[in-house]
Amino acid sequence: MSNRPTSLAFGATSLVDAPVSFSRERVPSSAAATSNSDFRNQSNTGSLDAFADDAEASLNLAISAAYRQVFGNVQPMESERLLSAESRLRNGDINVREFVRALATSEFYRSRYFESVAPHRAIELNFKHLLGRPPVDEAEVSHHIALLATEGFDAEVASYVDSDEYRDTFGDDTVPYVRSFNSNAGQPQNSFNKIAALEQNFAGSDTAKGLRSKLLGSLANGQRINISMPSHAYRTGAAAAGGAAPSGNARFTPVKRASSDGGDSAPFRGDLYTGFGVGQRQQEVFERCAGDTPDQIAGLIRASYRQVMGNPHLMESERVLTAESKFAEGFLSTREFVRAIAQSAEYRRRFFEANAPYRFIELTFKHLLGRAPSSQAEVGEHLDRLAVHGYEAEINSLIDCSEYQQQFGENTVPFARLATEAGRAQVNFNRALSLAQGYAASDTVQDASSLVQSLATNAAPANWNTTTKRINRVAVASGGSDATTKRFRIVVQAQPAGGRQRTPNASYLVSGNDISSQLGYIHRRGGRIVSITEVS
């Protein structure tokens with residue numbers, strides 16, 4: 001323990017000492033190696049470590065190592081394993097490289113390392129999982145972000161697995177492994193610092209280390225990235241002050257962790273966009289298909305009401321029951337059912353008669369096209385149509401337009417289009433967030449426009465000029481996706497004389513876990529709540 005390498009504190013360790021390889025087709029020892037990968041495959045094929053003495057043990061170790069490396073040390077449940085790909089590898093139908101490709105293009109990997117993280121974070125994790133190193137510079141990251149945007153997720157994965165670097169380093173039979181803890185030829189010295197920032201610890205998973213990039217500032221500014229002791233480590237003395245790691249016989253004291261540091265103690269959330277109030281970047285799509293069961297049709301109806309009516313609670317008398325019946329029996333397509341809801345008396349009452357015209361237009365864009373208006377000219381065009389041709393003509397102009405047909409067709413319920421699309425300005429993302437207001441909010445609680453200034457001046461919305469935090473309608477800092485880790489200040493007026501607080505105006509500072517019980521106490525004592533403000 002006394003001579004254990006300091007780099008182990010940064011996660012520079014593995015379950016086995018050597019790279020893990022497996023192949024059903026061994027290369028004869030007499031064959032000449034024509035490349036580094038051939039030589040590596042000849043020397044490693046079938047021999048994984050000192051304890052793997054048969055083909056079955058080698059196969060199981062290779063599969064385990066592949067899951068651990070590609071899935072970022074996240075152990076899948078039995079139902080989440082790629083049993084078909086495992087079987088094909090076992091039968092010799094595919095090699096280790098194709099098995100790695102199958103893991104990286106699986107829904108398990110996609111949901112955790114593409115849909116749930118920022119694009120820069122997705123790219124740096126792809127480098128770590130598939131090439132075993134961090135990206136060299138911002139240009140390399142930008143190239144892969146452009147590839148991801150133009151050709152898609154599968155092409156992005158293929159760019160790593162089919163690269164010359166992958167073939168020269170791992171070949172067809174070796175499982176990728178983290179290799180930047182050693183000084184490899186051709187890699188800059190700061191690769192160690194970068195991989196230490198990505199790896200952080202041996203036991204933690206990549207889903208528990210936060211959703212934001214660890215290298216963005218370093219790569220974008222060309223600055224070195226300093227190595228700090230991982231947050232999981234126990235340290236004291238010099239190590240606590242940023243010095244060298246203590247030896248194995250040192251006395252350790254635990255480091256106090258913050259629940260918001262993105263480390264292992266922070267719960268994994270479904271998507272970074274939860275903090276923006278939109279649930280997730282890739283919205284769930286509801287589409288009518290042949291053979292749908294009554295329960296599935298009922299789900300489509302609920303999804304249609306939620307989208308078109310702006311997340312309402314509808315009483316029985318407010319629903320369009322005739323259109324529901326026709327839709328369930330197949331006489332109406334999803335598009336025509338959406339039209340029936342948008343032209344109903346209830347929609348008209350909630351969003352046309354009760355709101356300013358500008359607010360009505362931006363809400364119809366949100367409800368029927370899944371986006372915010374893109375310009376003042378677009379809003380002006382629809383305002384003119386509304387004034388000249390009337391309410392129904394305005395609704396029909398959105399549902400019958402080519403954009404609706406291309407995005408949703410006849411059978412898909414409209415949904416929020418948050419992902420980047422060709423031809424749409426980046427500021428429209430902020431405008432969409434301004435209209436979202438929160439996953440549990442209702443569009444009926446606000447009657448004034450959210451975008452009139454933004455569109456008139458071609459600027460970001462005032463309440464969404466940045467996407468680092470959410471500012472709600474009363475300008476209180478809010479938007480944390482996990483309220484239990486926040487603290488709130490409750491200002492109370494008219495506290496009774498016999499209450500715990502002797503001043504007529506009281507202020508309570510409570511955690512998110514205790515806010516419900518504190519509100520109950522205030523109400524029982526006859527207090528009147530003036531405001532609730534998030535403070536941290």
# chains A, B, ... in the order shown; residues from 1 in each chain; ligands from 1
>>> residues_around(residues="Val70 in chain A", least_positions_apart="3", cutoff="10 Å", atoms="only C-alpha atoms", output="list in words")
Ala65, Ala66, Tyr67, Asn73, Val74, Val100, Arg101, Leu103, Ala104, Tyr109, Leu125, Asn126, Lys128, His129, Leu130, Leu131, Gly132, Val175, Pro176 and Tyr177 of chain A
>>> write_last_selection(atoms="N, CA and C atoms", output="PDB file, in the first residue's frame")
ATOM      1  N   ALA A  65     -16.343  -6.744 -19.257  1.00  0.00           N
ATOM      2  CA  ALA A  65     -15.483  -5.577 -19.457  1.00  0.00           C
ATOM      3  C   ALA A  65     -16.092  -4.607 -20.461  1.00  0.00           C
ATOM      4  N   ALA A  66     -16.750  -5.137 -21.502  1.00  0.00           N
ATOM      5  CA  ALA A  66     -17.373  -4.273 -22.507  1.00  0.00           C
ATOM      6  C   ALA A  66     -18.524  -3.479 -21.904  1.00  0.00           C
ATOM      7  N   TYR A  67     -19.368  -4.137 -21.129  1.00  0.00           N
ATOM      8  CA  TYR A  67     -20.461  -3.424 -20.468  1.00  0.00           C
ATOM      9  C   TYR A  67     -19.919  -2.335 -19.549  1.00  0.00           C
ATOM     10  N   ASN A  73     -19.540   2.294 -16.476  1.00  0.00           N
ATOM     11  CA  ASN A  73     -19.626   1.693 -15.144  1.00  0.00           C
ATOM     12  C   ASN A  73     -21.039   1.741 -14.579  1.00  0.00           C
ATOM     13  N   VAL A  74     -22.025   1.654 -15.464  1.00  0.00           N
ATOM     14  CA  VAL A  74     -23.419   1.514 -15.049  1.00  0.00           C
ATOM     15  C   VAL A  74     -23.827   0.074 -15.308  1.00  0.00           C
ATOM     16  N   VAL A 100     -19.134  -4.012 -29.230  1.00  0.00           N
ATOM     17  CA  VAL A 100     -19.012  -2.661 -28.667  1.00  0.00           C
ATOM     18  C   VAL A 100     -19.912  -1.694 -29.415  1.00  0.00           C
ATOM     19  N   ARG A 101     -19.990  -1.825 -30.748  1.00  0.00           N
ATOM     20  CA  ARG A 101     -20.870  -0.976 -31.538  1.00  0.00           C
ATOM     21  C   ARG A 101     -22.334  -1.172 -31.128  1.00  0.00           C
ATOM     22  N   LEU A 103     -23.472  -2.128 -28.227  1.00  0.00           N
ATOM     23  CA  LEU A 103     -23.689  -1.498 -26.917  1.00  0.00           C
ATOM     24  C   LEU A 103     -23.822   0.016 -27.053  1.00  0.00           C
ATOM     25  N   ALA A 104     -22.965   0.622 -27.859  1.00  0.00           N
ATOM     26  CA  ALA A 104     -22.937   2.083 -27.968  1.00  0.00           C
ATOM     27  C   ALA A 104     -24.131   2.633 -28.734  1.00  0.00           C
ATOM     28  N   TYR A 109     -27.651   3.045 -23.897  1.00  0.00           N
ATOM     29  CA  TYR A 109     -26.579   4.036 -24.014  1.00  0.00           C
ATOM     30  C   TYR A 109     -27.132   5.371 -24.499  1.00  0.00           C
ATOM     31  N   LEU A 125     -17.835  11.901 -23.460  1.00  0.00           N
ATOM     32  CA  LEU A 125     -18.056  10.540 -22.966  1.00  0.00           C
ATOM     33  C   LEU A 125     -17.883   9.519 -24.077  1.00  0.00           C
ATOM     34  N   ASN A 126     -18.258   9.853 -25.304  1.00  0.00           N
ATOM     35  CA  ASN A 126     -18.019   8.937 -26.420  1.00  0.00           C
ATOM     36  C   ASN A 126     -16.524   8.673 -26.589  1.00  0.00           C
ATOM     37  N   LYS A 128     -14.258   8.858 -24.259  1.00  0.00           N
ATOM     38  CA  LYS A 128     -13.808   8.049 -23.127  1.00  0.00           C
ATOM     39  C   LYS A 128     -14.237   6.600 -23.277  1.00  0.00           C
ATOM     40  N   HIS A 129     -15.509   6.361 -23.647  1.00  0.00           N
ATOM     41  CA  HIS A 129     -16.049   4.999 -23.684  1.00  0.00           C
ATOM     42  C   HIS A 129     -15.520   4.197 -24.865  1.00  0.00           C
ATOM     43  N   LEU A 130     -15.336   4.840 -26.029  1.00  0.00           N
ATOM     44  CA  LEU A 130     -15.038   4.097 -27.254  1.00  0.00           C
ATOM     45  C   LEU A 130     -13.578   4.183 -27.680  1.00  0.00           C
ATOM     46  N   LEU A 131     -12.885   5.261 -27.317  1.00  0.00           N
ATOM     47  CA  LEU A 131     -11.469   5.367 -27.666  1.00  0.00           C
ATOM     48  C   LEU A 131     -10.564   5.347 -26.446  1.00  0.00           C
ATOM     49  N   GLY A 132     -11.131   5.413 -25.251  1.00  0.00           N
ATOM     50  CA  GLY A 132     -10.334   5.313 -24.034  1.00  0.00           C
ATOM     51  C   GLY A 132      -9.486   6.520 -23.741  1.00  0.00           C
ATOM     52  N   VAL A 175     -11.408  -5.260 -26.056  1.00  0.00           N
ATOM     53  CA  VAL A 175     -12.370  -4.329 -25.482  1.00  0.00           C
ATOM     54  C   VAL A 175     -11.671  -2.989 -25.229  1.00  0.00           C
ATOM     55  N   PRO A 176     -12.284  -1.850 -25.620  1.00  0.00           N
ATOM     56  CA  PRO A 176     -11.661  -0.553 -25.314  1.00  0.00           C
ATOM     57  C   PRO A 176     -11.405  -0.392 -23.822  1.00  0.00           C
ATOM     58  N   TYR A 177     -10.394   0.358 -23.490  1.00  0.00           N
ATOM     59  CA  TYR A 177     -10.025   0.584 -22.097  1.00  0.00           C
ATOM     60  C   TYR A 177      -9.443   1.991 -21.980  1.00  0.00           C
TER      61      TYR A 177
END
>>> residues_around(residues="Leu451 in chain A", least_positions_apart="2", cutoff="10 Å", atoms="only C-alpha atoms", output="MDAnalysis selection string")
chainID A and resid 358:359 362 372:373 375:376 431:432 434:435 448:449 453:463
>>> write_last_selection(atoms="C-alpha atoms", output="CSV table (one decimal), in the first residue's frame")
chain,number,residue,atom,x,y,z
A,358,TYR,CA,-50.6,38.5,-29.2
A,359,ARG,CA,-50.8,35.9,-26.4
A,362,GLU,CA,-48.1,32.6,-29.4
A,372,ALA,CA,-42.7,29.6,-30.6
A,373,PRO,CA,-43.2,32.2,-33.3
A,375,SER,CA,-40.4,36.6,-36.0
A,376,GLN,CA,-42.6,39.6,-35.7
A,431,ARG,CA,-38.5,31.5,-26.6
A,432,ALA,CA,-39.8,27.9,-26.4
A,434,SER,CA,-40.3,31.0,-22.1
A,435,LEU,CA,-43.6,29.6,-23.2
A,448,ALA,CA,-50.2,38.6,-21.2
A,449,SER,CA,-47.7,37.8,-24.0
A,453,GLN,CA,-40.6,42.3,-26.6
A,454,SER,CA,-38.4,39.4,-27.8
A,455,LEU,CA,-40.0,39.3,-31.2
A,456,ALA,CA,-40.3,43.0,-31.6
A,457,THR,CA,-36.6,43.6,-30.8
A,458,ASN,CA,-35.3,40.2,-32.2
A,459,ALA,CA,-33.7,39.5,-28.8
A,460,ALA,CA,-33.9,36.7,-26.2
A,461,PRO,CA,-37.0,36.8,-23.9
A,462,ALA,CA,-36.5,38.9,-20.8
A,463,ASN,CA,-37.3,36.0,-18.5
>>> residues_around(residues="Leu519 in chain A", least_positions_apart="6", cutoff="12 Å", atoms="only C-alpha atoms", output="PyMOL selection string")
chain A and resi 488-492+507-513+525-532
>>> closest_residue(among="A:Glu107, A:Asp93, A:Asp206, A:Glu284", to="Glu80 in chain A", atoms="only C-alpha atoms")
A:Glu107
>>> residues_around(residues="Glu381 in chain A", least_positions_apart="6", cutoff="12 Å", atoms="only C-alpha atoms", output="mmCIF file with N, CA and C atoms, in the first residue's frame")
data_model
loop_
_atom_site.group_PDB
_atom_site.id
_atom_site.type_symbol
_atom_site.label_atom_id
_atom_site.label_comp_id
_atom_site.auth_asym_id
_atom_site.auth_seq_id
_atom_site.Cartn_x
_atom_site.Cartn_y
_atom_site.Cartn_z
ATOM 1 N N TYR A 358 -52.001 38.926 -29.038
ATOM 2 C CA TYR A 358 -50.620 38.474 -29.175
ATOM 3 C C TYR A 358 -50.399 37.179 -28.391
ATOM 4 N N ILE A 361 -51.933 34.177 -30.257
ATOM 5 C CA ILE A 361 -51.145 33.696 -31.390
ATOM 6 C C ILE A 361 -49.974 32.851 -30.908
ATOM 7 N N PRO A 373 -43.361 31.411 -32.084
ATOM 8 C CA PRO A 373 -43.243 32.187 -33.327
ATOM 9 C C PRO A 373 -41.793 32.599 -33.550
ATOM 10 N N SER A 374 -41.379 32.650 -34.808
ATOM 11 C CA SER A 374 -39.976 32.912 -35.109
ATOM 12 C C SER A 374 -39.672 34.379 -35.368
ATOM 13 N N SER A 375 -40.688 35.188 -35.669
ATOM 14 C CA SER A 375 -40.423 36.594 -35.981
ATOM 15 C C SER A 375 -41.689 37.419 -35.793
ATOM 16 N N ALA A 387 -57.944 38.865 -37.712
ATOM 17 C CA ALA A 387 -58.832 40.034 -37.782
ATOM 18 C C ALA A 387 -59.721 40.005 -39.013
ATOM 19 N N VAL A 388 -59.205 39.500 -40.131
ATOM 20 C CA VAL A 388 -59.952 39.559 -41.396
ATOM 21 C C VAL A 388 -60.846 38.341 -41.593
ATOM 22 N N HIS A 389 -60.296 37.156 -41.309
ATOM 23 C CA HIS A 389 -61.019 35.922 -41.641
ATOM 24 C C HIS A 389 -61.616 35.225 -40.425
ATOM 25 N N GLU A 394 -57.931 31.077 -38.586
ATOM 26 C CA GLU A 394 -56.611 31.114 -37.965
ATOM 27 C C GLU A 394 -56.186 29.722 -37.495
ATOM 28 N N SER A 397 -55.327 27.554 -40.487
ATOM 29 C CA SER A 397 -54.084 27.916 -41.175
ATOM 30 C C SER A 397 -52.879 27.202 -40.565
ATOM 31 N N LEU A 398 -52.938 26.907 -39.275
ATOM 32 C CA LEU A 398 -51.845 26.192 -38.617
ATOM 33 C C LEU A 398 -51.937 24.689 -38.837
#
>>> residues_around(residues="Arg385 in chain A", least_positions_apart="5", cutoff="12 Å", atoms="only C-alpha atoms", output="PyMOL selection string")
chain A and resi 357+361+378-380+390-398
>>> write_last_selection(atoms="C-alpha atoms", output="mmCIF file, in the first residue's frame")
data_model
loop_
_atom_site.group_PDB
_atom_site.id
_atom_site.type_symbol
_atom_site.label_atom_id
_atom_site.label_comp_id
_atom_site.auth_asym_id
_atom_site.auth_seq_id
_atom_site.Cartn_x
_atom_site.Cartn_y
_atom_site.Cartn_z
ATOM 1 C CA PRO A 357 -54.407 38.694 -29.369
ATOM 2 C CA ILE A 361 -51.145 33.696 -31.390
ATOM 3 C CA GLU A 378 -44.926 35.767 -38.685
ATOM 4 C CA VAL A 379 -47.032 36.990 -35.769
ATOM 5 C CA GLY A 380 -48.292 39.956 -37.830
ATOM 6 C CA GLY A 390 -61.802 35.024 -38.043
ATOM 7 C CA TYR A 391 -60.985 32.500 -35.367
ATOM 8 C CA GLU A 392 -61.591 29.257 -37.266
ATOM 9 C CA ALA A 393 -59.550 30.384 -40.269
ATOM 10 C CA GLU A 394 -56.611 31.114 -37.965
ATOM 11 C CA ILE A 395 -56.783 27.621 -36.400
ATOM 12 C CA ASN A 396 -57.078 25.980 -39.829
ATOM 13 C CA SER A 397 -54.084 27.916 -41.175
ATOM 14 C CA LEU A 398 -51.845 26.192 -38.617
#
>>> atom_distance(atom1="CA of Gly409 in chain A", atom2="CA of Ile297 in chain A")
17.3 Å
>>> select_by_dssp(residues="range 347-397 of chain A", states="helix (DSSP H, G or I)", output="ChimeraX atom specification")
/A:347-353,357-369,376-389,391-397
>>> atom_distance(atom1="CA of Asp447 in chain A", atom2="CA of Asn355 in chain A")
4.7 Å
